[in-house]
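Q: One file: structure.txt (compact mmCIF, C-alpha atoms).
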# COMPACT_ATOMS: atom_id res chain seq x y z
CA MET A 1 5.63 -8.72 -40.02
CA THR A 2 7.81 -11.01 -37.99
CA LEU A 3 7.14 -9.56 -34.58
CA GLU A 4 7.76 -12.15 -31.90
CA LEU A 5 4.98 -11.59 -29.42
CA THR A 6 4.48 -15.13 -28.30
CA THR A 7 3.60 -14.37 -24.72
CA VAL A 8 4.40 -11.94 -21.96
CA PRO A 9 7.65 -13.06 -20.32
CA LEU A 10 8.09 -13.37 -16.57
CA GLN A 11 10.74 -10.65 -16.64
CA ALA A 12 8.18 -8.09 -17.80
CA TYR A 13 6.15 -8.61 -14.65
CA LEU A 14 9.30 -8.44 -12.52
CA ALA A 15 10.33 -5.18 -14.19
CA LEU A 16 6.87 -3.68 -13.63
CA ALA A 17 7.00 -4.68 -9.97
CA ALA A 18 10.47 -3.10 -9.70
CA ILE A 19 9.14 0.17 -11.16
CA LEU A 20 6.22 0.17 -8.73
CA PHE A 21 8.41 -0.66 -5.73
CA CYS A 22 11.00 2.04 -6.51
CA THR A 23 8.26 4.63 -7.00
CA GLY A 24 6.85 3.63 -3.63
CA VAL A 25 10.24 3.90 -1.93
CA TRP A 26 10.83 7.36 -3.40
CA GLY A 27 7.41 8.52 -2.29
CA LEU A 28 7.93 7.04 1.17
CA ILE A 29 11.15 9.03 1.63
CA ASN A 30 10.06 12.30 0.06
CA SER A 31 6.42 12.80 1.04
CA ARG A 32 5.63 15.65 3.38
CA ASN A 33 2.04 14.50 3.92
CA ALA A 34 1.59 11.53 6.25
CA VAL A 35 -1.35 10.13 4.27
CA ARG A 36 0.82 10.02 1.16
CA VAL A 37 3.40 8.01 3.11
CA LEU A 38 0.72 5.40 3.83
CA MET A 39 -0.24 5.38 0.14
CA SER A 40 3.41 4.76 -0.81
CA ILE A 41 3.50 1.79 1.57
CA GLU A 42 0.43 0.38 -0.19
CA LEU A 43 2.20 0.80 -3.54
CA MET A 44 5.19 -1.17 -2.28
CA LEU A 45 2.96 -3.96 -0.96
CA ASN A 46 1.25 -4.17 -4.34
CA ALA A 47 4.62 -4.47 -6.06
CA VAL A 48 5.50 -7.43 -3.85
CA ASN A 49 2.12 -8.97 -4.63
CA ILE A 50 2.71 -8.66 -8.37
CA ASN A 51 6.00 -10.54 -7.92
CA LEU A 52 4.32 -13.31 -5.92
CA MET A 53 1.51 -13.73 -8.43
CA ALA A 54 3.90 -13.76 -11.40
CA PHE A 55 6.05 -16.48 -9.85
CA SER A 56 2.94 -18.40 -8.88
CA SER A 57 1.68 -18.40 -12.44
CA TYR A 58 4.95 -18.96 -14.32
CA VAL A 59 6.95 -21.27 -12.05
CA ASP A 60 4.47 -22.86 -9.67
CA GLY A 61 1.42 -23.29 -11.85
CA GLN A 62 -0.08 -26.36 -10.20
CA LEU A 63 0.49 -25.72 -6.47
CA ILE A 64 -0.35 -22.04 -6.50
CA ARG A 65 1.43 -21.16 -3.27
CA GLY A 66 2.17 -17.63 -4.46
CA GLN A 67 -1.54 -16.84 -4.64
CA VAL A 68 -2.02 -18.02 -1.05
CA PHE A 69 0.88 -15.80 0.03
CA ALA A 70 -0.65 -12.88 -1.88
CA ILE A 71 -3.91 -13.36 0.00
CA PHE A 72 -2.06 -13.25 3.32
CA VAL A 73 -0.20 -10.13 2.20
CA ILE A 74 -3.53 -8.48 1.30
CA THR A 75 -4.87 -9.35 4.76
CA VAL A 76 -1.86 -7.90 6.55
CA ALA A 77 -1.99 -4.81 4.32
CA ALA A 78 -5.60 -4.20 5.29
CA ALA A 79 -4.74 -4.48 9.00
CA GLU A 80 -1.73 -2.21 8.49
CA ALA A 81 -3.80 0.42 6.74
CA ALA A 82 -6.42 0.46 9.50
CA VAL A 83 -3.88 0.76 12.32
CA GLY A 84 -1.73 3.24 10.38
CA LEU A 85 -4.63 5.57 9.71
CA ALA A 86 -5.76 5.34 13.34
CA ILE A 87 -2.24 6.29 14.46
CA LEU A 88 -2.30 9.13 11.94
CA LEU A 89 -5.61 10.44 13.31
CA SER A 90 -4.36 10.32 16.87
CA LEU A 91 -1.14 12.06 15.83
CA TYR A 92 -3.10 14.73 14.00
CA ARG A 93 -5.14 15.34 17.12
CA ASN A 94 -2.01 15.82 19.21
CA ARG A 95 0.15 17.83 16.83
CA GLU A 96 -2.52 19.45 14.62
CA THR A 97 -0.51 18.83 11.49
CA VAL A 98 0.21 16.05 9.01
CA ASP A 99 3.61 17.40 8.00
CA MET A 100 6.18 14.64 8.36
CA GLU A 101 8.94 17.17 9.04
CA ARG A 102 7.25 18.29 12.23
CA PHE A 103 6.89 14.81 13.72
CA ASN A 104 10.37 15.16 15.21
CA LEU A 105 9.76 14.29 18.84
CA LEU A 106 12.05 11.25 18.58
CA ARG A 107 14.71 12.91 16.46
CA TRP A 108 18.24 12.60 17.81
CA MET B 1 1.18 -16.11 -32.44
CA THR B 2 -2.40 -16.65 -31.55
CA ILE B 3 -4.95 -13.93 -31.19
CA ALA B 4 -5.31 -14.68 -27.51
CA SER B 5 -1.63 -14.18 -26.80
CA SER B 6 -1.46 -10.92 -28.73
CA THR B 7 -4.55 -9.68 -26.88
CA GLN B 8 -2.84 -10.67 -23.66
CA PHE B 9 0.25 -8.70 -24.65
CA ILE B 10 -1.78 -5.59 -25.47
CA CYS B 11 -3.66 -5.87 -22.18
CA PHE B 12 -0.38 -6.26 -20.30
CA VAL B 13 1.13 -3.17 -21.94
CA ALA B 14 -1.96 -1.05 -21.25
CA LEU B 15 -2.30 -2.21 -17.64
CA SER B 16 1.38 -1.80 -16.85
CA ALA B 17 1.39 1.69 -18.35
CA ALA B 18 -1.61 2.54 -16.17
CA VAL B 19 0.14 1.12 -13.10
CA ALA B 20 3.41 2.98 -13.71
CA ILE B 21 1.84 6.35 -14.59
CA GLY B 22 -0.70 6.05 -11.79
CA ALA B 23 2.01 5.30 -9.24
CA LEU B 24 4.00 8.32 -10.38
CA GLY B 25 0.84 10.41 -10.07
CA VAL B 26 0.19 9.10 -6.55
CA VAL B 27 3.66 10.14 -5.49
CA LEU B 28 4.03 13.40 -7.38
CA LEU B 29 0.64 15.13 -7.58
CA PRO B 30 0.30 18.11 -5.23
CA ASN B 31 -3.38 17.55 -4.44
CA ILE B 32 -3.72 14.53 -2.21
CA VAL B 33 -7.33 13.80 -3.19
CA TYR B 34 -6.23 13.22 -6.78
CA SER B 35 -3.50 10.96 -5.41
CA ALA B 36 -6.06 8.89 -3.52
CA PHE B 37 -8.27 8.41 -6.59
CA LEU B 38 -5.24 7.55 -8.72
CA LEU B 39 -4.29 5.01 -6.07
CA GLY B 40 -7.68 3.37 -6.63
CA GLY B 41 -6.89 3.27 -10.34
CA VAL B 42 -3.54 1.62 -9.63
CA PHE B 43 -5.26 -1.02 -7.47
CA LEU B 44 -7.77 -1.75 -10.24
CA SER B 45 -4.99 -2.08 -12.82
CA VAL B 46 -3.11 -4.49 -10.55
CA ALA B 47 -6.31 -6.53 -10.27
CA GLY B 48 -6.40 -6.64 -14.08
CA LEU B 49 -2.82 -7.93 -14.08
CA TYR B 50 -3.90 -10.68 -11.67
CA LEU B 51 -6.63 -11.67 -14.13
CA LEU B 52 -3.95 -11.92 -16.82
CA LEU B 53 -2.01 -14.24 -14.49
CA ASN B 54 -4.92 -16.73 -14.18
CA ALA B 55 -5.85 -15.66 -10.66
CA SER B 56 -9.45 -14.59 -10.65
CA PHE B 57 -9.98 -15.13 -6.92
CA VAL B 58 -7.05 -12.95 -5.89
CA ALA B 59 -8.18 -10.31 -8.40
CA ALA B 60 -11.61 -10.25 -6.75
CA ALA B 61 -10.00 -10.08 -3.31
CA GLN B 62 -7.79 -7.24 -4.50
CA ILE B 63 -10.77 -5.24 -5.72
CA LEU B 64 -12.82 -5.94 -2.58
CA VAL B 65 -10.09 -5.29 -0.03
CA TYR B 66 -7.96 -2.61 -1.67
CA VAL B 67 -10.43 -0.60 -3.73
CA GLY B 68 -13.39 -1.24 -1.46
CA ALA B 69 -11.78 -0.94 1.96
CA VAL B 70 -8.27 0.50 1.97
CA ASN B 71 -8.89 3.23 -0.59
CA VAL B 72 -12.12 4.31 1.07
CA LEU B 73 -10.31 4.34 4.42
CA ILE B 74 -7.60 6.57 2.95
CA LEU B 75 -10.24 8.91 1.53
CA PHE B 76 -11.89 9.13 4.96
CA ALA B 77 -8.51 9.87 6.55
CA ILE B 78 -7.90 12.64 4.02
CA MET B 79 -11.34 14.04 4.83
CA LEU B 80 -10.66 13.92 8.59
CA VAL B 81 -7.23 15.55 8.50
CA ASN B 82 -8.07 18.00 5.73
CA LYS B 83 -6.55 21.24 6.91
CA LYS B 84 -4.91 23.69 4.57
CA GLU B 85 -1.46 24.35 5.88
CA ASN B 86 1.48 26.04 4.30
CA LEU B 87 4.42 23.72 4.62
CA ALA B 88 7.52 25.41 5.92
CA ALA B 89 10.50 25.33 3.62
CA ILE B 90 13.16 22.82 4.58
CA PRO B 91 16.79 23.58 3.73
CA GLY B 92 18.35 21.03 1.43
CA LEU B 93 15.06 19.54 0.26
CA ALA B 94 16.02 19.49 -3.42
CA LEU B 95 19.35 17.84 -2.64
CA ARG B 96 17.56 15.24 -0.55
CA ARG B 97 15.12 14.51 -3.37
CA VAL B 98 17.91 14.10 -5.89
CA LEU B 99 19.89 11.84 -3.58
CA SER B 100 16.92 9.62 -2.77
CA GLY B 101 16.05 9.50 -6.47
CA ALA B 102 19.57 8.29 -7.20
CA VAL B 103 19.27 5.63 -4.48
CA CYS B 104 15.93 4.48 -5.91
CA ALA B 105 17.37 4.36 -9.43
CA GLY B 106 20.21 2.22 -8.13
CA LEU B 107 17.76 -0.11 -6.43
CA PHE B 108 15.76 -0.30 -9.66
CA ALA B 109 18.87 -1.17 -11.67
CA LEU B 110 19.76 -3.87 -9.14
CA LEU B 111 16.28 -5.40 -9.30
CA LEU B 112 16.33 -5.34 -13.12
CA ARG B 113 19.72 -7.00 -13.19
CA VAL B 114 18.53 -9.75 -10.88
CA ALA B 115 15.34 -10.23 -12.90
CA PHE B 116 17.11 -10.47 -16.25
CA SER B 117 20.24 -12.39 -15.30
CA THR B 118 18.74 -15.15 -13.16
CA PRO B 119 17.86 -18.29 -15.15
CA TRP B 120 14.27 -18.77 -13.99
CA ALA B 121 12.70 -22.18 -14.47
CA THR B 122 10.14 -20.48 -16.60
CA PRO B 123 8.39 -23.15 -18.63
CA GLY B 124 6.91 -24.48 -15.42
CA PRO B 125 3.83 -26.64 -15.13
CA VAL B 126 0.71 -25.52 -16.94
CA PRO B 127 -1.08 -22.96 -14.77
CA LEU B 128 -4.46 -23.83 -13.37
CA GLY B 129 -7.38 -21.97 -14.82
CA ASP B 130 -10.62 -21.76 -12.94
CA GLU B 131 -9.60 -24.48 -10.50
CA ALA B 132 -7.25 -22.05 -8.79
CA THR B 133 -9.95 -21.04 -6.34
CA ILE B 134 -10.51 -24.65 -5.32
CA ARG B 135 -6.77 -25.13 -4.88
CA ILE B 136 -6.52 -21.99 -2.73
CA GLY B 137 -9.30 -23.30 -0.51
CA GLU B 138 -7.54 -26.64 -0.14
CA HIS B 139 -4.32 -24.83 0.79
CA LEU B 140 -6.04 -22.60 3.33
CA PHE B 141 -7.64 -25.53 5.13
CA SER B 142 -4.79 -28.04 5.00
CA ASP B 143 -1.20 -26.85 5.05
CA TYR B 144 -1.78 -23.13 5.57
CA LEU B 145 -4.36 -23.59 8.33
CA LEU B 146 -2.25 -22.05 11.10
CA PRO B 147 -1.43 -18.86 9.13
CA PHE B 148 -5.10 -18.62 8.18
CA GLU B 149 -6.21 -18.67 11.82
CA LEU B 150 -3.40 -16.30 12.78
CA ALA B 151 -4.58 -13.91 10.07
CA SER B 152 -8.05 -13.87 11.58
CA VAL B 153 -6.58 -13.12 15.04
CA LEU B 154 -4.44 -10.39 13.47
CA LEU B 155 -7.49 -8.80 11.85
CA LEU B 156 -9.33 -8.82 15.17
CA MET B 157 -6.35 -7.25 16.91
CA ALA B 158 -6.04 -4.60 14.21
CA MET B 159 -9.74 -3.79 14.45
CA ILE B 160 -9.70 -3.35 18.22
CA GLY B 161 -6.41 -1.49 18.07
CA ALA B 162 -7.67 0.93 15.45
CA ILE B 163 -10.77 1.67 17.51
CA VAL B 164 -8.74 2.22 20.68
CA LEU B 165 -6.19 4.42 18.94
CA ALA B 166 -8.62 6.60 17.04
CA ARG B 167 -11.32 7.12 19.63
CA ARG B 168 -11.59 10.25 21.70
CA ASP B 169 -11.80 9.97 25.47
CA VAL B 170 -15.35 11.14 25.83
CA PHE B 171 -16.30 12.82 29.06
CA ALA B 172 -19.86 13.89 28.59
CA SER B 173 -19.84 15.95 31.76
CA ASP B 174 -17.21 17.55 33.91
CA ILE B 175 -16.30 15.38 36.88
CA VAL B 176 -16.21 18.18 39.46
CA THR B 177 -19.00 20.52 38.44
CA GLY B 178 -21.22 18.15 36.51
CA GLU B 179 -21.49 20.59 33.60
CA PRO B 180 -21.16 19.31 30.04
CA ALA B 181 -17.56 19.64 29.01
CA ASP B 182 -16.25 20.64 25.63
CA GLN B 183 -14.18 17.93 24.05
CA GLY B 184 -11.78 20.24 22.26
CA LEU B 185 -10.97 22.11 25.46
CA ILE B 186 -10.26 18.87 27.27
CA GLU B 187 -7.82 17.81 24.56
CA LYS B 188 -6.15 21.21 24.45
CA SER B 189 -5.66 21.27 28.20
CA ARG B 190 -4.48 17.68 28.26
CA THR B 191 -1.86 17.89 25.54
CA PRO B 192 -0.20 21.29 25.71
CA LEU B 193 3.27 19.77 25.98
CA LEU B 194 3.09 18.06 22.63
CA LEU B 195 2.18 21.18 20.71
CA GLU B 196 5.09 23.10 19.35
CA LYS B 197 5.69 26.66 20.31
CA ARG B 198 4.45 29.03 17.69
CA ASN B 199 6.09 32.36 17.22
Could you show the structure in this file as structure tokens?
A:
Amino acid sequence: MTLELTTVPLQAYLALAAILFCTGVWGLINSRNAVRVLMSIELMLNAVNINLMAFSSYVDGQLIRGQVFAIFVITVAAAEAAVGLAILLSLYRNRETVDMERFNLLRW
Amino acid sequence: MTIASSTQFICFVALSAAVAIGALGVVLLPNIVYSAFLLGGVFLSVAGLYLLLNASFVAAAQILVYVGAVNVLILFAIMLVNKKENLAAIPGLALRRVLSGAVCAGLFALLLRVAFSTPWATPGPVPLGDEATIRIGEHLFSDYLLPFELASVLLLMAMIGAIVLARRDVFASDIVTGEPADQGLIEKSRTPLLLEKRN
């Protein structure tokens, strides 16, 4: 059995991150529930983090700058989730719904 | 082919399948509680991928921050806004879904083309093993010191901002009569303009 499975290539991680990012974008556009929109944003941030970590391990193995960037991205994502859910709660109190189609106060 | 590399390959295939299927479940499942738990599964699988990439510290941070904080926060938000509502039908929803799916497929094809046609400098230096945590600490306190401090200020701002945004304006008693006032009535009387007209 001459199966060449030497190691996982960098492109496999990039393809996985692309799948995750595109799924997140689709969910961000098409979700009716506002909580699901926030979950899609978290999926996209995780896709970016996978890219950073893959480059950090494959290209920049000694100065692991990608891991430091991933830690900063995780920090910002935590802050974003807290503020986003607080905005969502306040919005729910005003409009009494979480339907994205009815948050149309700023629609042209 | 060593045993370690084949084990690594099998782990990568299993974890990436879990990530892809879990992400599709997060986006597509009708019940949002299932979506939230699947999101936790996706975060755990991504942490496993970080372990495969020689980054144990970031994997631990991923589990602590994402699974322990963000996912629990999302579950609390689902619990707080949990009202059964029948979503009104939107004209052209199917067309919009198909169009956005086509746009996302195009974006995916573009990303794949970039990933597979760029000559990456892939046999880079040998990745650090367990010393990665030490190196991250050196980075955070030497050349990334300013972003580190800014991140702490950002977290403080986000914490105060979340509290201010999500808190109710509590009036324990009515100002004029001194009677205890009902919080729901205060909010209803304060925000009638934002509520849509119901027929």
Q: Could you check the closest approach to chain B for each of A:Ser90, A:Ala17, A:Phe55, A:Leu45 and tell me which residue wins, using only C-alpha atoms?
A: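 Answer, going by the shortest atom-to-atom distance: A:Ser90.
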Q: Which residues are close to A:Leu91, i.e. within 12 Å by all atoms listed in the file, leaving aside same-chain residues fewer than 3 positions away? Reply as a list of chain:residue names.
A: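 What passes the distance filter is A:Ala34, A:Val35, A:Gly84, A:Leu85, A:Ala86, A:Ile87, A:Leu88, A:Asn94, A:Arg95, A:Glu96, A:Thr97, A:Val98, A:Asp99, A:Met100, A:Arg102, A:Phe103, A:Asn104, A:Leu105, B:Val81, B:Leu165, B:Ala166, B:Arg167, B:Thr191, B:Leu194, B:Leu195.
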Q: Could you jot down the atom CA of A:Ala47 to atom CA of B:Ile134 separation for me, Å, one decimal place?
A: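 Computing the Euclidean distance for atom CA of A:Ala47 and atom CA of B:Ile134 yields 25.2 Å.
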Q: I'd like the interatomic distance between atom CA of B:Leu24 and atom CA of B:Leu93, to a tenth of an Å.
A: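 Rounded to one decimal, the two atoms are 19.0 Å apart.
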Q: I'd like the neighbourhood of B:Leu87 as a PyMOL selection string, where a residue qualifies if any of its atoms comes within 9 Å (using all atoms listed in the file), though same-chain residues fewer than 2 positions away should be ignored.
A: (chain A and resi 32+99) or (chain B and resi 85+89-90)
Q: Would you kindly return, as an mmCIF file with C-alpha atoms, in the frame of the given file, each protein, DNA or RNA residue with an atom no farther than 10 Å from any atom of B:Phe108, considering all atoms listed in the file and excluding same-chain residues fewer than 4 positions away?
A:
data_model
loop_
_atom_site.group_PDB
_atom_site.id
_atom_site.type_symbol
_atom_site.label_atom_id
_atom_site.label_comp_id
_atom_site.auth_asym_id
_atom_site.auth_seq_id
_atom_site.Cartn_x
_atom_site.Cartn_y
_atom_site.Cartn_z
ATOM 1 C CA ALA A 15 10.330 -5.180 -14.190
ATOM 2 C CA ALA A 17 7.000 -4.680 -9.970
ATOM 3 C CA ALA A 18 10.470 -3.100 -9.700
ATOM 4 C CA ILE A 19 9.140 0.170 -11.160
ATOM 5 C CA LEU A 20 6.220 0.170 -8.730
ATOM 6 C CA PHE A 21 8.410 -0.660 -5.730
ATOM 7 C CA CYS A 22 11.000 2.040 -6.510
ATOM 8 C CA THR A 23 8.260 4.630 -7.000
ATOM 9 C CA ALA B 102 19.570 8.290 -7.200
ATOM 10 C CA VAL B 103 19.270 5.630 -4.480
ATOM 11 C CA CYS B 104 15.930 4.480 -5.910
ATOM 12 C CA LEU B 112 16.330 -5.340 -13.120
ATOM 13 C CA ARG B 113 19.720 -7.000 -13.190
ATOM 14 C CA VAL B 114 18.530 -9.750 -10.880
#
Q: To one decimal place in Å, what is the distance between atom CA of B:Leu73 and atom CA of B:Gly40?
A: 11.4 Å
Q: Closest to B:Pro30 among A:Arg93, A:Asn33, A:Val59, A:Gln11, using all atoms listed in the file?
A: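 Smallest distance to B:Pro30 is found for A:Asn33.
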Q: Excluding A:Gly61 and residues on its chain fewer than 5 positions from it, collect all residues at most 9 Å away from it, counting all atoms listed in the file, and give them as a compact mmCIF listing (two decimals) with C-alpha atoms, keeping the file's coordinate frame.
A:
# COMPACT_ATOMS: atom_id res chain seq x y z
CA PHE A 55 6.05 -16.48 -9.85
CA SER A 56 2.94 -18.40 -8.88
CA GLY B 124 6.91 -24.48 -15.42
CA PRO B 125 3.83 -26.64 -15.13
CA VAL B 126 0.71 -25.52 -16.94
CA PRO B 127 -1.08 -22.96 -14.77
CA LEU B 128 -4.46 -23.83 -13.37
Q: Write out as a list in words the residues lying within 10 Å of B:Tyr144, counting only C-alpha atoms and excluding same-chain residues fewer than 6 positions away.
A: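 The neighbour list is Arg65, Val68 and Phe69 of chain A; Ile136, Gly137 and Glu138 of chain B.
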Q: Which residue out of B:Val46, B:Leu111, B:Leu95, B:Val27 has the minimum interatomic distance to B:Ala59 when all atoms listed in the file are used?
A: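 Residue with the minimum atom-to-atom distance to B:Ala59: B:Val46.
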Q: Put the listed atoms of stretch 70-78 of chain B in a box along x, y and z with 8 Å added on every side and give me the centre and edge lengths in Å to one decimal, as lines of an AutoDock Vina configuration file.
A:
center_x = -9.9
center_y = 6.6
center_z = 3.0
size_x = 20.5
size_y = 28.1
size_z = 23.1
Q: Just checking: using only C-alpha atoms, which residue out of B:Ala47, B:Leu75, B:Ala17, B:Leu156 ends up closest to A:Leu38?
A: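 Among the listed residues, B:Leu75 lies closest to A:Leu38.
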